[in-house]
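Participant: The structure follows.
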Amino acid sequence: MEHITLLIGIVIVTALVFDFTNGFHDTANAMATTISTGALKPKTAVAMSAALNLVGAFLSVEVAKTISGGIIDETAGIRPEVIFAGLIGAIVWNLLTWLAGLPSSSSHALFGGLIGATIVSVGFDAVNADKVVMKVLIPAVAAPLVAGLAATLATRLTYRLAKGRDEKETAKGYRTGQIASAALVSLAHGTNDAQKTMGVITLALVAGGVVAPHSDPPMWVIVSAGLAIAAGTYLGGWRIIQTLGKGLTDIKPAQGFAAQTGAATVILASSHIGFALSTTQVCSGSIMGAGLGRKGGVVRWSTAGRMVLAWGLTLPAAGLVAGGAALLADQGDWGVATVAVLGVAVSAGIWLASRRKPVTHDNVNEIDAPEPASAEPAGVVTAALQAVAPPPAGPLSPVAAVAPEAGRAPAAAAS
């Protein structure tokens with residue numbers, strides 16, 4: 001019993017470490033456009049986002065129940081070792097994509113890790129395939145498309161309403177609106193992503209016989225998960241903020257406001273019905289939609305393509321790492337210890353690699369390459385959308401006003 005108690009404690013700590021990485025990995029979701037347009041200073045932005053992530057963690061437990069009693073059958077003999085292996089797979093993938101500056105899905109890394117470890121240790125029958133399809137895969141495809149379409153329409157409406165007004169005056173108002181919409185995204189992120197760690201910890205408690213199956217997360221689990229994701233959010237995740245804020249398109253205050261409002265709406269709606277979607281994919285889709293919604297705006301499809309590739313690889317890649325970890329963990333105490341040591345070593349190696357070219361709050365808005373987004377060919381998607389429904393003209397149209405240095409393509413997908 002003491003061994004089980006110790007192992008559950010290790011799983012809980014590992015889950016909170018994942019929650020921490022989730023926080024700094026996803027800070028960009030709420031604050032990338034706010035920082036890139038100058039609506040808030042970088043450190044102020046992440047502090048506000050951290051506080052609201054903590055508040056959001058207390059607003060709902062629907063997503064947590066999807067994790068603890070949804071995609072994995074908690075009565076199928078899931079052991080704490082399996083959950084531990086799944087978390088290691090998710091953490092490693094989170095750190096790798098952070099190093100590359102790619103806003104991949106922390107949620108899908110977690111799902112992939114849990115599914116991969118469960119299949120190796122217990123078998124396919126322990127995975128609720130219908131729940132995976134309905135509450136993970138379908139939202140993964142639909143959410144960024146819905147958010148992108150909403151942001152495109154909202155951006156065009158925003159520019160139409162501002163037609164004939166002075167650009168500098170309206171920009172001030174939209175920057176204020178961005179602060180409010182970024183706060184809403186941060187709150188929504190807490191209601192969705194913090195709950196995923198709550199669900200994993202609850203699953204571990206069920207696996208160890210500490211709580212009954214189908215139980216809601218205990219209050220101490222909610223508090224600890226909220227604090228962990230808030231701490232990670234405050235750390236910043238500047239590499240991914242740089243990619244979303246400067247790497248996808250040249251965001252103006254009106255676009256940032258439209259993108260964040262659309263993303264928050266989609267995330268809050270999904271949290272209410274228990275869809276454990278990727279807030280990263282929602283916010284990335286919103287930013288691309290805002291780029292398409294501005295007259296003359298061009299999305300950097302090369303960067304977007306790398307992001308989509310990372311999205312597609314996240315579930316299987318995290319699953320493969322977690323599956324290997326599960327094979328080791330199943331060997332007993334020495335196997336669990338080996339997985340822990342390897343996880344720490346890989347994480348330390350990734351952190352050391354990131355120090356070669358650090359991105360901080362001081363240089364997050366600096367991009368090395370000189371090409372503005374408008375220099376990239378529009379591509380088939382952009383050209384088709386603008387041909388079918390050209391956005392309205394107006395003084396906020398940035399084609400003539402954008403300074404050459406306003407948006408620069410990222411170097412190697414963000415440093």
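Ordering of the structure tokens sets the chain letters (A, B, ...); residue numbers start at 1 within each chain; ligands are numbered from 1 in the order shown.
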DSSP on the backbone: what in range 157-223 of chain A comes out alpha helix (DSSP H), as a CSV table (one decimal) with C-alpha atoms, in the first residue's frame?
Facilitator:
```csv
chain,number,residue,atom,x,y,z
A,157,LEU,CA,-17.4,43.5,-39.8
A,158,THR,CA,-15.0,45.3,-37.6
A,159,TYR,CA,-13.3,47.1,-40.5
A,160,ARG,CA,-16.6,47.9,-42.1
A,161,LEU,CA,-17.9,49.5,-38.9
A,167,GLU,CA,-7.0,54.7,-38.0
A,168,LYS,CA,-5.0,55.9,-35.0
A,169,GLU,CA,-8.1,56.7,-33.0
A,170,THR,CA,-9.8,53.4,-33.7
A,171,ALA,CA,-6.6,51.5,-33.0
A,172,LYS,CA,-6.6,52.9,-29.4
A,173,GLY,CA,-10.1,51.6,-28.9
A,174,TYR,CA,-9.3,48.2,-30.3
A,175,ARG,CA,-6.2,47.9,-28.1
A,176,THR,CA,-8.5,48.4,-25.1
A,177,GLY,CA,-10.9,45.9,-26.5
A,178,GLN,CA,-8.0,43.5,-27.0
A,179,ILE,CA,-7.2,43.6,-23.3
A,180,ALA,CA,-10.8,42.6,-22.5
A,181,SER,CA,-10.9,39.9,-25.1
A,182,ALA,CA,-7.5,38.5,-24.0
A,183,ALA,CA,-8.8,38.3,-20.5
A,184,LEU,CA,-11.8,36.4,-21.7
A,185,VAL,CA,-9.5,33.9,-23.6
A,186,SER,CA,-7.4,33.4,-20.5
A,187,LEU,CA,-10.5,32.7,-18.4
A,188,ALA,CA,-11.7,30.3,-21.0
A,189,HIS,CA,-8.3,28.6,-21.1
A,190,GLY,CA,-8.5,28.0,-17.4
A,191,THR,CA,-11.9,26.4,-17.7
A,192,ASN,CA,-10.7,24.0,-20.4
A,193,ASP,CA,-7.0,23.2,-20.0
A,194,ALA,CA,-6.6,23.3,-16.2
A,195,GLN,CA,-9.4,20.7,-16.0
A,196,LYS,CA,-7.4,18.2,-18.1
A,197,THR,CA,-4.8,17.9,-15.4
A,198,MET,CA,-7.6,17.7,-12.8
A,199,GLY,CA,-9.0,14.8,-14.8
A,200,VAL,CA,-5.6,13.0,-15.0
A,201,ILE,CA,-5.0,13.3,-11.2
A,202,THR,CA,-8.6,12.1,-10.6
A,203,LEU,CA,-7.9,9.1,-12.9
A,204,ALA,CA,-4.8,8.3,-10.9
A,205,LEU,CA,-6.7,8.5,-7.6
A,206,VAL,CA,-9.3,6.1,-9.1
A,207,ALA,CA,-6.6,3.8,-10.3
A,219,MET,CA,-11.1,20.5,-4.2
A,220,TRP,CA,-7.3,20.2,-3.5
A,221,VAL,CA,-6.9,18.8,-7.0
A,222,ILE,CA,-8.7,21.8,-8.5
A,223,VAL,CA,-6.6,24.2,-6.5
```
Participant: Counting only C-alpha atoms, which residues of range 79-185 of chain A sit at most 9 Å from some atom of range 6-9 of chain A, and what is each one's closest atom pair with its distance in Å to one decimal, listed by chain and rising residue number, as a Markdown table?
Facilitator:
```
| residue | atom | partner | partner_atom | distance |
| --- | --- | --- | --- | --- |
| A:Pro80 | CA | A:Ile8 | CA | 6.1 |
| A:Glu81 | CA | A:Leu7 | CA | 7.5 |
| A:Phe84 | CA | A:Leu7 | CA | 8.8 |
```
Participant: Would you put the residues from that selection into a file with N, CA and C atoms, as a short mmCIF file (atom, residue, chain, number, x, y, z; two decimals), in the first residue's frame?
Facilitator:
```cif
data_model
loop_
_atom_site.label_atom_id
_atom_site.label_comp_id
_atom_site.auth_asym_id
_atom_site.auth_seq_id
_atom_site.Cartn_x
_atom_site.Cartn_y
_atom_site.Cartn_z
N PRO A 80 -1.52 3.29 -11.89
CA PRO A 80 -0.81 4.57 -11.85
C PRO A 80 0.41 4.62 -12.77
N GLU A 81 1.09 3.46 -12.95
CA GLU A 81 2.25 3.44 -13.86
C GLU A 81 1.88 3.84 -15.27
N PHE A 84 1.43 7.58 -15.41
CA PHE A 84 2.75 8.20 -15.33
C PHE A 84 3.44 8.18 -16.69
#
```
Participant: Show me, as a list in words, the residues that have an atom within 7 Å of Val127 in chain A when counting only C-alpha atoms, minus same-chain residues fewer than 3 positions from it.
Facilitator: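 Close residues of Val127 in chain A: Ile71, Ile72, Asp73, Ile115 and Phe124 of chain A.
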Participant: Quick one: write out the picked residues with all heavy atoms as a PDB file, in the first residue's frame?
Facilitator:
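The resulting file, out-v7.pdb, is reproduced below:
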```pdb
ATOM      1  N   ILE A  71     -12.286   9.219 -22.192  1.00  0.00           N
ATOM      2  CA  ILE A  71     -11.507   8.577 -23.247  1.00  0.00           C
ATOM      3  C   ILE A  71     -10.850   7.281 -22.768  1.00  0.00           C
ATOM      4  O   ILE A  71     -10.569   6.400 -23.576  1.00  0.00           O
ATOM      5  CB  ILE A  71     -10.442   9.532 -23.818  1.00  0.00           C
ATOM      6  CG1 ILE A  71      -9.438   9.952 -22.742  1.00  0.00           C
ATOM      7  CG2 ILE A  71     -11.094  10.762 -24.429  1.00  0.00           C
ATOM      8  CD1 ILE A  71      -8.283  10.765 -23.293  1.00  0.00           C
ATOM      9  N   ILE A  72     -10.595   7.172 -21.469  1.00  0.00           N
ATOM     10  CA  ILE A  72     -10.010   5.948 -20.912  1.00  0.00           C
ATOM     11  C   ILE A  72     -11.021   5.299 -19.969  1.00  0.00           C
ATOM     12  O   ILE A  72     -11.641   5.969 -19.156  1.00  0.00           O
ATOM     13  CB  ILE A  72      -8.706   6.254 -20.139  1.00  0.00           C
ATOM     14  CG1 ILE A  72      -7.687   6.946 -21.035  1.00  0.00           C
ATOM     15  CG2 ILE A  72      -8.121   4.983 -19.538  1.00  0.00           C
ATOM     16  CD1 ILE A  72      -7.228   6.126 -22.204  1.00  0.00           C
ATOM     17  N   ASP A  73     -11.196   3.981 -20.092  1.00  0.00           N
ATOM     18  CA  ASP A  73     -12.099   3.251 -19.210  1.00  0.00           C
ATOM     19  C   ASP A  73     -11.401   3.050 -17.866  1.00  0.00           C
ATOM     20  O   ASP A  73     -10.490   2.228 -17.736  1.00  0.00           O
ATOM     21  CB  ASP A  73     -12.457   1.898 -19.835  1.00  0.00           C
ATOM     22  CG  ASP A  73     -13.474   1.129 -19.001  1.00  0.00           C
ATOM     23  OD1 ASP A  73     -13.866   1.626 -17.924  1.00  0.00           O
ATOM     24  OD2 ASP A  73     -13.861   0.021 -19.425  1.00  0.00           O
ATOM     25  N   ILE A 115      -3.498   7.536 -24.273  1.00  0.00           N
ATOM     26  CA  ILE A 115      -3.971   6.459 -25.152  1.00  0.00           C
ATOM     27  C   ILE A 115      -2.842   5.488 -25.475  1.00  0.00           C
ATOM     28  O   ILE A 115      -3.011   4.256 -25.424  1.00  0.00           O
ATOM     29  CB  ILE A 115      -4.575   7.054 -26.440  1.00  0.00           C
ATOM     30  CG1 ILE A 115      -5.879   7.795 -26.104  1.00  0.00           C
ATOM     31  CG2 ILE A 115      -4.836   5.962 -27.473  1.00  0.00           C
ATOM     32  CD1 ILE A 115      -6.420   8.617 -27.257  1.00  0.00           C
ATOM     33  N   PHE A 124      -6.352  -2.309 -26.372  1.00  0.00           N
ATOM     34  CA  PHE A 124      -7.245  -1.380 -27.069  1.00  0.00           C
ATOM     35  C   PHE A 124      -8.615  -1.270 -26.405  1.00  0.00           C
ATOM     36  O   PHE A 124      -9.272  -0.230 -26.506  1.00  0.00           O
ATOM     37  CB  PHE A 124      -7.419  -1.816 -28.530  1.00  0.00           C
ATOM     38  CG  PHE A 124      -6.237  -1.520 -29.395  1.00  0.00           C
ATOM     39  CD1 PHE A 124      -5.254  -2.481 -29.592  1.00  0.00           C
ATOM     40  CD2 PHE A 124      -6.093  -0.284 -30.010  1.00  0.00           C
ATOM     41  CE1 PHE A 124      -4.155  -2.219 -30.400  1.00  0.00           C
ATOM     42  CE2 PHE A 124      -4.995  -0.003 -30.807  1.00  0.00           C
ATOM     43  CZ  PHE A 124      -4.026  -0.977 -31.005  1.00  0.00           C
TER      44      PHE A 124
END
```
Participant: Can you pull out every residue within 12 Å of Ala317 in chain A, counting only C-alpha atoms, but drop anything in the same chain fewer than 6 positions away, and send it as a list in words?
Facilitator: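 Result of the neighbour search: Gly86, Ile88, Gly89, Ala90, Ile91, Val92, Trp93, Asn94, Leu96, Thr97, Ser104, Ser105, His108, Ala109, Leu110, Phe111, Gly112, Gly113, Leu114, Ile115, Gly116, Ala117, Leu309, Ala310, Trp311, Gly323 and Gly324 of chain A.
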Participant: Could you check the closest approach to Ala353 in chain A for each of A:Leu95, A:Ala57, A:Val339, A:Met31 and tell me which residue wins, using only C-alpha atoms?
Facilitator: A:Leu95
Participant: Just to confirm, what's the straight-line distance from CA of Asn22 in chain A to CA of Asp330 in chain A in Å (one decimal)?
Facilitator: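 CA of Asn22 in chain A sits 26.4 Å away from CA of Asp330 in chain A.
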Participant: Compile the contact shell of Ala32 in chain A as a list in words: residues with an atom at most 10 Å away, counting only C-alpha atoms, same-chain residues fewer than 5 positions apart removed.
Facilitator: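 Non-adjacent residues within range: Asp26, Thr27, Thr37, Pro42, Ala45, Val46, Ala182, Trp238, Ile240, Ile241, Gln242, Thr243, Leu244, Gly245, Lys246, Ile251, Gly256, Gln260, Cys283, Ile287, Val364 and Asn365 of chain A.
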Participant: If I take CA of Ala47 in chain A and CA of Ala230 in chain A, how far is one from the other in Å, to one decimal?
Facilitator: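 Rounded to one decimal, the two atoms are 8.7 Å apart.
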Participant: Find the residue from A:Ala326, A:Leu99, A:Ala231, A:Leu320 that sits nearest to Ala348 in chain A; use only C-alpha atoms when measuring.
Facilitator: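 Closest to Ala348 in chain A of all the choices is A:Leu99.
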Participant: Can you measure CA of Gly312 in chain A to CA of Gln281 in chain A for me? One decimal in Å is fine.
Facilitator: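 Distance between the two atoms: 11.1 Å.
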